[in-house]
$ cat run08.txt   # compact mmCIF, C-alpha atoms
# COMPACT_ATOMS: atom_id res chain seq x y z
CA MET A 1 54.88 -71.86 -23.47
CA THR A 2 56.22 -69.16 -25.77
CA VAL A 3 57.10 -68.95 -29.43
CA ARG A 4 59.00 -66.36 -31.49
CA VAL A 5 56.95 -65.02 -34.42
CA HIS A 6 58.54 -63.34 -37.46
CA TYR A 7 56.92 -61.24 -40.19
CA PHE A 8 58.37 -60.44 -43.59
CA ALA A 9 58.00 -57.99 -46.48
CA ARG A 10 54.63 -56.22 -46.90
CA LEU A 11 53.24 -57.97 -43.81
CA ARG A 12 56.18 -56.71 -41.70
CA GLU A 13 55.58 -53.13 -42.89
CA GLU A 14 51.81 -53.28 -42.40
CA LEU A 15 52.10 -54.68 -38.87
CA GLY A 16 54.93 -52.29 -38.00
CA ARG A 17 57.14 -55.00 -36.49
CA SER A 18 59.43 -57.74 -37.71
CA SER A 19 58.99 -60.13 -34.80
CA GLU A 20 57.31 -60.68 -31.44
CA GLU A 21 56.98 -63.22 -28.66
CA ALA A 22 53.66 -65.01 -28.25
CA GLU A 23 52.26 -66.96 -25.33
CA LEU A 24 50.67 -70.24 -26.43
CA PRO A 25 47.45 -71.64 -24.95
CA ALA A 26 47.86 -74.82 -22.89
CA GLY A 27 48.00 -77.76 -25.27
CA GLY A 28 49.52 -75.71 -28.08
CA THR A 29 47.88 -74.35 -31.20
CA THR A 30 48.23 -74.26 -34.99
CA VAL A 31 49.70 -71.75 -37.42
CA GLY A 32 46.18 -70.50 -38.21
CA GLY A 33 45.16 -70.48 -34.54
CA LEU A 34 48.21 -68.47 -33.54
CA TRP A 35 47.47 -65.88 -36.23
CA GLN A 36 43.89 -65.58 -34.95
CA GLN A 37 45.12 -65.20 -31.37
CA LEU A 38 47.63 -62.45 -32.29
CA HIS A 39 45.58 -60.52 -34.84
CA GLN A 40 41.94 -61.17 -33.85
CA GLY A 41 40.82 -62.25 -37.29
CA THR A 42 41.10 -64.90 -39.91
CA PRO A 43 44.44 -65.03 -41.75
CA PRO A 44 44.61 -62.95 -44.96
CA GLU A 45 44.16 -64.75 -48.25
CA ARG A 46 47.34 -66.23 -49.71
CA LEU A 47 49.18 -65.96 -46.38
CA MET A 48 52.26 -68.17 -46.32
CA ALA A 49 53.88 -69.55 -43.19
CA ALA A 50 56.81 -71.52 -41.85
CA VAL A 51 57.45 -73.37 -38.60
CA ASN A 52 61.10 -73.76 -37.62
CA GLN A 53 62.07 -72.48 -41.08
CA GLU A 54 60.11 -75.15 -42.94
CA GLN A 55 57.05 -74.44 -45.09
CA ALA A 56 53.85 -74.85 -43.09
CA GLY A 57 50.10 -74.67 -43.58
CA LEU A 58 47.43 -73.12 -41.39
CA ASP A 59 46.83 -76.52 -39.77
CA THR A 60 50.50 -77.15 -38.91
CA PRO A 61 50.86 -77.58 -35.13
CA VAL A 62 52.83 -75.01 -33.13
CA SER A 63 54.45 -75.95 -29.84
CA ASP A 64 56.66 -74.47 -27.14
CA GLY A 65 59.90 -72.94 -28.42
CA ASP A 66 58.96 -73.04 -32.11
CA GLU A 67 59.95 -70.31 -34.55
CA VAL A 68 56.88 -69.30 -36.56
CA ALA A 69 56.98 -66.99 -39.60
CA TYR A 70 54.18 -65.36 -41.63
CA PHE A 71 54.79 -63.83 -45.03
CA PRO A 72 53.15 -62.89 -48.34
CA PRO A 73 53.60 -64.98 -51.51
CA VAL A 74 57.27 -65.08 -52.49
CA THR A 75 58.61 -63.07 -55.45
CA GLY A 76 62.27 -63.97 -55.85
CA GLY A 77 64.28 -64.94 -58.88
CA MET B 1 76.41 -78.13 -55.25
CA ALA B 2 76.52 -74.64 -53.78
CA VAL B 3 73.98 -72.04 -52.69
CA GLU B 4 75.01 -68.44 -52.00
CA ILE B 5 73.29 -65.23 -50.89
CA TYR B 6 74.97 -61.96 -51.92
CA HIS B 7 74.37 -58.65 -50.14
CA GLU B 8 76.41 -56.76 -52.80
CA ASP B 9 76.58 -56.93 -56.60
CA PHE B 10 78.11 -60.20 -57.84
CA ASP B 11 79.54 -61.38 -61.15
CA PRO B 12 77.53 -64.46 -62.18
CA TRP B 13 79.93 -65.40 -65.00
CA ALA B 14 82.91 -65.42 -62.65
CA LEU B 15 80.95 -67.79 -60.38
CA VAL B 16 80.15 -70.04 -63.35
CA ALA B 17 83.81 -70.12 -64.42
CA ARG B 18 84.95 -70.94 -60.89
CA ALA B 19 82.29 -73.61 -60.30
CA GLU B 20 83.10 -75.27 -63.62
CA GLN B 21 86.71 -75.78 -62.52
CA ALA B 22 85.46 -78.12 -59.79
CA ILE B 23 83.81 -80.48 -62.26
CA PRO B 24 85.92 -83.24 -63.87
CA ALA B 25 86.73 -81.98 -67.38
CA HIS B 26 86.22 -85.39 -69.01
CA ALA B 27 82.65 -85.67 -67.65
CA ARG B 28 81.16 -82.20 -68.17
CA GLY B 29 79.37 -82.62 -71.45
CA ALA B 30 76.75 -79.95 -70.85
CA ALA B 31 76.25 -76.78 -68.84
CA SER B 32 73.04 -74.79 -68.59
CA VAL B 33 73.14 -71.28 -67.15
CA PHE B 34 70.41 -68.81 -66.29
CA VAL B 35 71.28 -65.25 -65.23
CA GLY B 36 68.49 -62.88 -64.20
CA ARG B 37 69.14 -59.15 -63.89
CA MET B 38 67.14 -56.18 -62.69
CA ARG B 39 65.32 -54.37 -65.50
CA ASP B 40 64.68 -50.62 -65.32
CA PHE B 41 60.98 -51.07 -65.97
CA ASN B 42 58.14 -53.25 -64.69
CA GLU B 43 54.43 -53.09 -65.50
CA ASN B 44 55.21 -50.17 -67.85
CA GLU B 45 56.47 -47.91 -65.10
CA ASP B 46 60.01 -46.72 -64.51
CA VAL B 47 61.64 -48.50 -61.62
CA THR B 48 64.69 -46.80 -60.18
CA GLY B 49 65.47 -49.21 -57.37
CA LEU B 50 64.71 -52.63 -56.03
CA PHE B 51 64.99 -54.01 -52.52
CA LEU B 52 65.09 -57.76 -51.99
CA GLU B 53 64.19 -59.16 -48.60
CA HIS B 54 64.88 -62.74 -47.51
CA TYR B 55 64.45 -64.96 -44.45
CA PRO B 56 68.03 -65.62 -43.29
CA GLY B 57 68.38 -69.31 -42.56
CA MET B 58 65.17 -70.50 -44.15
CA THR B 59 66.05 -69.04 -47.55
CA GLU B 60 69.34 -70.94 -47.68
CA ARG B 61 67.66 -74.14 -46.48
CA GLU B 62 64.92 -73.88 -49.11
CA LEU B 63 67.48 -73.30 -51.89
CA GLU B 64 69.50 -76.28 -50.66
CA ARG B 65 66.37 -78.43 -50.60
CA ILE B 66 65.40 -77.40 -54.15
CA VAL B 67 68.92 -78.14 -55.43
CA ALA B 68 69.07 -81.48 -53.59
CA GLU B 69 65.70 -82.52 -55.04
CA ALA B 70 66.89 -81.63 -58.56
CA GLY B 71 70.05 -83.64 -57.88
CA ALA B 72 67.92 -86.65 -56.99
CA ARG B 73 65.87 -86.29 -60.17
CA TRP B 74 68.61 -85.58 -62.74
CA PRO B 75 72.20 -86.93 -62.98
CA LEU B 76 73.94 -83.63 -62.19
CA LEU B 77 77.70 -83.21 -61.95
CA GLY B 78 77.38 -79.81 -60.33
CA CYS B 79 75.03 -76.98 -59.53
CA HIS B 80 75.61 -73.38 -58.42
CA VAL B 81 72.80 -71.10 -57.26
CA ALA B 82 73.37 -67.49 -56.23
CA HIS B 83 70.76 -64.89 -55.28
CA ARG B 84 71.06 -61.21 -54.47
CA VAL B 85 69.40 -59.51 -51.48
CA GLY B 86 69.32 -55.91 -50.22
CA ASP B 87 69.29 -52.74 -52.34
CA VAL B 88 69.73 -53.50 -56.04
CA ARG B 89 70.39 -51.15 -58.99
CA PRO B 90 69.20 -51.65 -62.59
CA GLY B 91 71.57 -53.99 -64.41
CA ASP B 92 72.69 -55.83 -61.27
CA ALA B 93 72.47 -59.61 -61.29
CA LEU B 94 69.56 -60.94 -59.20
CA VAL B 95 69.85 -64.68 -59.67
CA LEU B 96 72.20 -67.30 -61.10
CA VAL B 97 71.28 -70.93 -61.67
CA ALA B 98 73.98 -73.05 -63.31
CA THR B 99 73.87 -76.82 -63.76
CA TRP B 100 76.31 -79.31 -65.22
CA SER B 101 75.62 -82.79 -66.49
CA ALA B 102 77.01 -85.26 -68.99
CA HIS B 103 74.15 -84.50 -71.38
CA ARG B 104 72.13 -81.46 -72.40
CA VAL B 105 68.64 -82.54 -71.40
CA ALA B 106 69.51 -83.15 -67.75
CA ALA B 107 71.46 -79.88 -67.47
CA ARG B 108 68.76 -77.84 -69.19
CA ASP B 109 65.75 -79.38 -67.45
CA ALA B 110 67.36 -79.23 -64.00
CA CYS B 111 68.34 -75.56 -64.51
CA SER B 112 64.79 -74.69 -65.54
CA ASP B 113 63.23 -76.67 -62.67
CA ILE B 114 65.49 -75.10 -60.03
CA LEU B 115 64.75 -71.60 -61.32
CA GLU B 116 60.97 -72.06 -61.40
CA ARG B 117 60.88 -73.66 -57.97
CA LEU B 118 63.14 -70.95 -56.57
CA LYS B 119 60.72 -68.31 -57.86
CA HIS B 120 57.69 -69.99 -56.30
CA GLU B 121 59.07 -71.56 -53.12
CA ALA B 122 62.16 -69.76 -51.82
CA PRO B 123 61.44 -66.92 -49.37
CA PHE B 124 62.48 -63.77 -51.25
CA TRP B 125 60.34 -60.64 -51.64
CA LYS B 126 60.86 -57.71 -54.03
CA ARG B 127 59.98 -54.09 -53.27
CA GLU B 128 60.29 -51.59 -56.11
CA THR B 129 61.00 -47.86 -55.90
CA LEU B 130 59.47 -45.82 -58.74
CA THR B 131 60.75 -42.57 -60.26
CA ASP B 132 58.42 -40.49 -58.07
CA GLY B 133 59.87 -42.11 -54.95
CA THR B 134 56.90 -44.33 -54.12
CA ARG B 135 57.60 -47.91 -53.08
CA ARG B 136 55.50 -50.96 -53.75
CA TRP B 137 55.86 -54.64 -52.97
CA VAL B 138 55.78 -56.88 -56.04
CA GLU B 139 52.65 -58.98 -55.62
CA LYS B 140 53.54 -61.89 -57.88
CA ASN B 141 56.20 -63.13 -60.25
CA THR B 142 56.05 -62.23 -63.91
CA PRO B 143 54.72 -65.11 -66.04
CA GLY B 144 58.17 -65.51 -67.60
CA PHE B 145 57.70 -64.29 -71.17

$ encode --input "run08.txt" --output "structure tokens"
Amino acid sequence: MTVRVHYFARLREELGRSSEEAELPAGGTTVGGLWQQLHQGTPPERLMAAVNQEQAGLDTPVSDGDEVAYFPPVTGG
Amino acid sequence: MAVEIYHEDFDPWALVARAEQAIPAHARGAASVFVGRMRDFNENEDVTGLFLEHYPGMTERELERIVAEAGARWPLLGCHVAHRVGDVRPGDALVLVATWSAHRVAARDACSDILERLKHEAPFWKRETLTDGTRRWVEKNTPGF
């Protein structure tokens, strides 16, 4: 069970990568759980996320083949 | 209803003129247009350059969702949203939101709603370059006044 994880903006620069593959635990996980698994800590404050290009929260489930993205608060317009 | 991402400088007024041609002349009683451009200052420091990052795919989908939700709330005849990404110079257009309706309140309120939701929900991120060459990510949107 793998997912593709994307990072954007300041988060992408701080982590030094724009994307990576992640192996999911059996039974799947959540957006917050996946962050913890990949970065060994609680998600930073004000972290935003998307699953399959739709806005998601830390409790949104993540399953095999999903596209997960983490990013800082948006500043467009 | 159209949503566009530009990687190069674009002329917002040409887009408005073109989009307006698609709306039946007898119905278009009101148009509301917002054009945002890059300033050469922010937080009292000189900004020489701006880089705008987006999430290809999700950004377009979010803009389409915001426009569709405004279309469900107000009786719009048309809507055109354009947003710049990549390296931007002072004076370049960053964002266009144009709405058409039979009456002014719907056009104006929908334009304002789309712009505010775009700023808070659509995945775009700004990184400024200052005169001394340092770069910094913009942490939050300006309050709007």

$ closest_residue --input "run08.txt" --among "B:Glu8, B:Asp109, B:Glu20, B:Glu62" --to "Ala50 (chain A)" --atoms "only C-alpha atoms"
B:Glu62

$ residues_near_point --input "run08.txt" --point "(73.4, -67.8, -56.8)" --cutoff "7 Å" --atoms "only C-alpha atoms" --output "PyMOL selection string"
chain B and resi 3-5+80-83+95-97

$ residues_near_point --input "run08.txt" --point "(62.5, -70.2, -37.3)" --cutoff "10 Å" --atoms "all atoms listed in the file" --output "ChimeraX atom specification"
/A:3-6,50-54,65-69 /B:55-58

$ atom_distance --input "run08.txt" --atom1 "CA of Arg17 (chain A)" --atom2 "CA of Tyr6 (chain B)"
24.6 Å

$ closest_atom_pairs --input "run08.txt" --of "chain A" --to "chain B" --cutoff "9 Å" --atoms "only C-alpha atoms" --output "Markdown table"
| residue | atom | partner | partner_atom | distance |
| --- | --- | --- | --- | --- |
| A:Phe8 | CA | B:Tyr55 | CA | 7.6 |
| A:Ala9 | CA | B:Trp125 | CA | 6.3 |
| A:Arg10 | CA | B:Trp137 | CA | 6.4 |
| A:Ala50 | CA | B:Met58 | CA | 8.7 |
| A:Asn52 | CA | B:Met58 | CA | 8.4 |
| A:Gln53 | CA | B:Met58 | CA | 4.8 |
| A:Glu54 | CA | B:Met58 | CA | 7.0 |
| A:Gln55 | CA | B:Glu121 | CA | 8.8 |
| A:Phe71 | CA | B:Pro123 | CA | 8.5 |
| A:Pro72 | CA | B:Trp125 | CA | 8.2 |
| A:Pro73 | CA | B:Lys140 | CA | 7.1 |
| A:Val74 | CA | B:Trp125 | CA | 5.5 |
| A:Thr75 | CA | B:Trp125 | CA | 4.8 |
| A:Gly76 | CA | B:Phe124 | CA | 4.6 |
| A:Gly77 | CA | B:Lys119 | CA | 5.0 |

$ atom_distance --input "run08.txt" --atom1 "CA of Ser18 (chain A)" --atom2 "CA of Gln37 (chain A)"
17.3 Å

$ atom_distance --input "run08.txt" --atom1 "CA of Val47 (chain B)" --atom2 "CA of Arg46 (chain A)"
25.7 Å

$ axis_aligned_box --input "run08.txt" --around "region 61-79 of chain B" --padding-each-side "4 Å" --output "JSON"
{"center_x": 71.3, "center_y": -80.1, "center_z": -54.7, "size_x": 20.8, "size_y": 21.6, "size_z": 24.5}

$ residues_around --input "run08.txt" --residues "Thr99 (chain B)" --least-positions-apart "3" --cutoff "6 Å" --atoms "all atoms listed in the file" --output "PyMOL selection string"
chain B and resi 31-32+78-79+107+111

$ write_last_selection --input "run08.txt" --atoms "C-alpha atoms" --output "JSON list (two decimals), keeping the file's coordinate frame"
[["chain", "number", "residue", "atom", "x", "y", "z"],
["B", 31, "ALA", "CA", 76.25, -76.78, -68.84],
["B", 32, "SER", "CA", 73.04, -74.79, -68.59],
["B", 78, "GLY", "CA", 77.38, -79.81, -60.33],
["B", 79, "CYS", "CA", 75.03, -76.98, -59.53],
["B", 107, "ALA", "CA", 71.46, -79.88, -67.47],
["B", 111, "CYS", "CA", 68.34, -75.56, -64.51]]

$ closest_residue --input "run08.txt" --among "B:Gly49, B:Gly29, B:Pro90, B:Gly133" --to "Leu76 (chain B)" --atoms "all atoms listed in the file"
B:Gly29

$ closest_residue --input "run08.txt" --among "B:Glu45, B:Glu128, B:Thr134, B:Ala98" --to "Ala14 (chain B)" --atoms "only C-alpha atoms"
B:Ala98

$ residues_around --input "run08.txt" --residues "Val62 (chain A)" --least-positions-apart "5" --cutoff "7 Å" --atoms "only C-alpha atoms" --output "PyMOL selection string"
chain A and resi 28-31

$ write_last_selection --input "run08.txt" --atoms "C-alpha atoms" --output "PDB file, in the frame of the given file"
ATOM      1  CA  GLY A  28      49.520 -75.710 -28.080  1.00  0.00           C
ATOM      2  CA  THR A  29      47.880 -74.350 -31.200  1.00  0.00           C
ATOM      3  CA  THR A  30      48.230 -74.260 -34.990  1.00  0.00           C
ATOM      4  CA  VAL A  31      49.700 -71.750 -37.420  1.00  0.00           C
TER       5      VAL A  31
END

$ closest_residue --input "run08.txt" --among "A:Thr2, A:Pro61, A:Glu45, A:Tyr70" --to "Glu23 (chain A)" --atoms "all atoms listed in the file"
A:Thr2
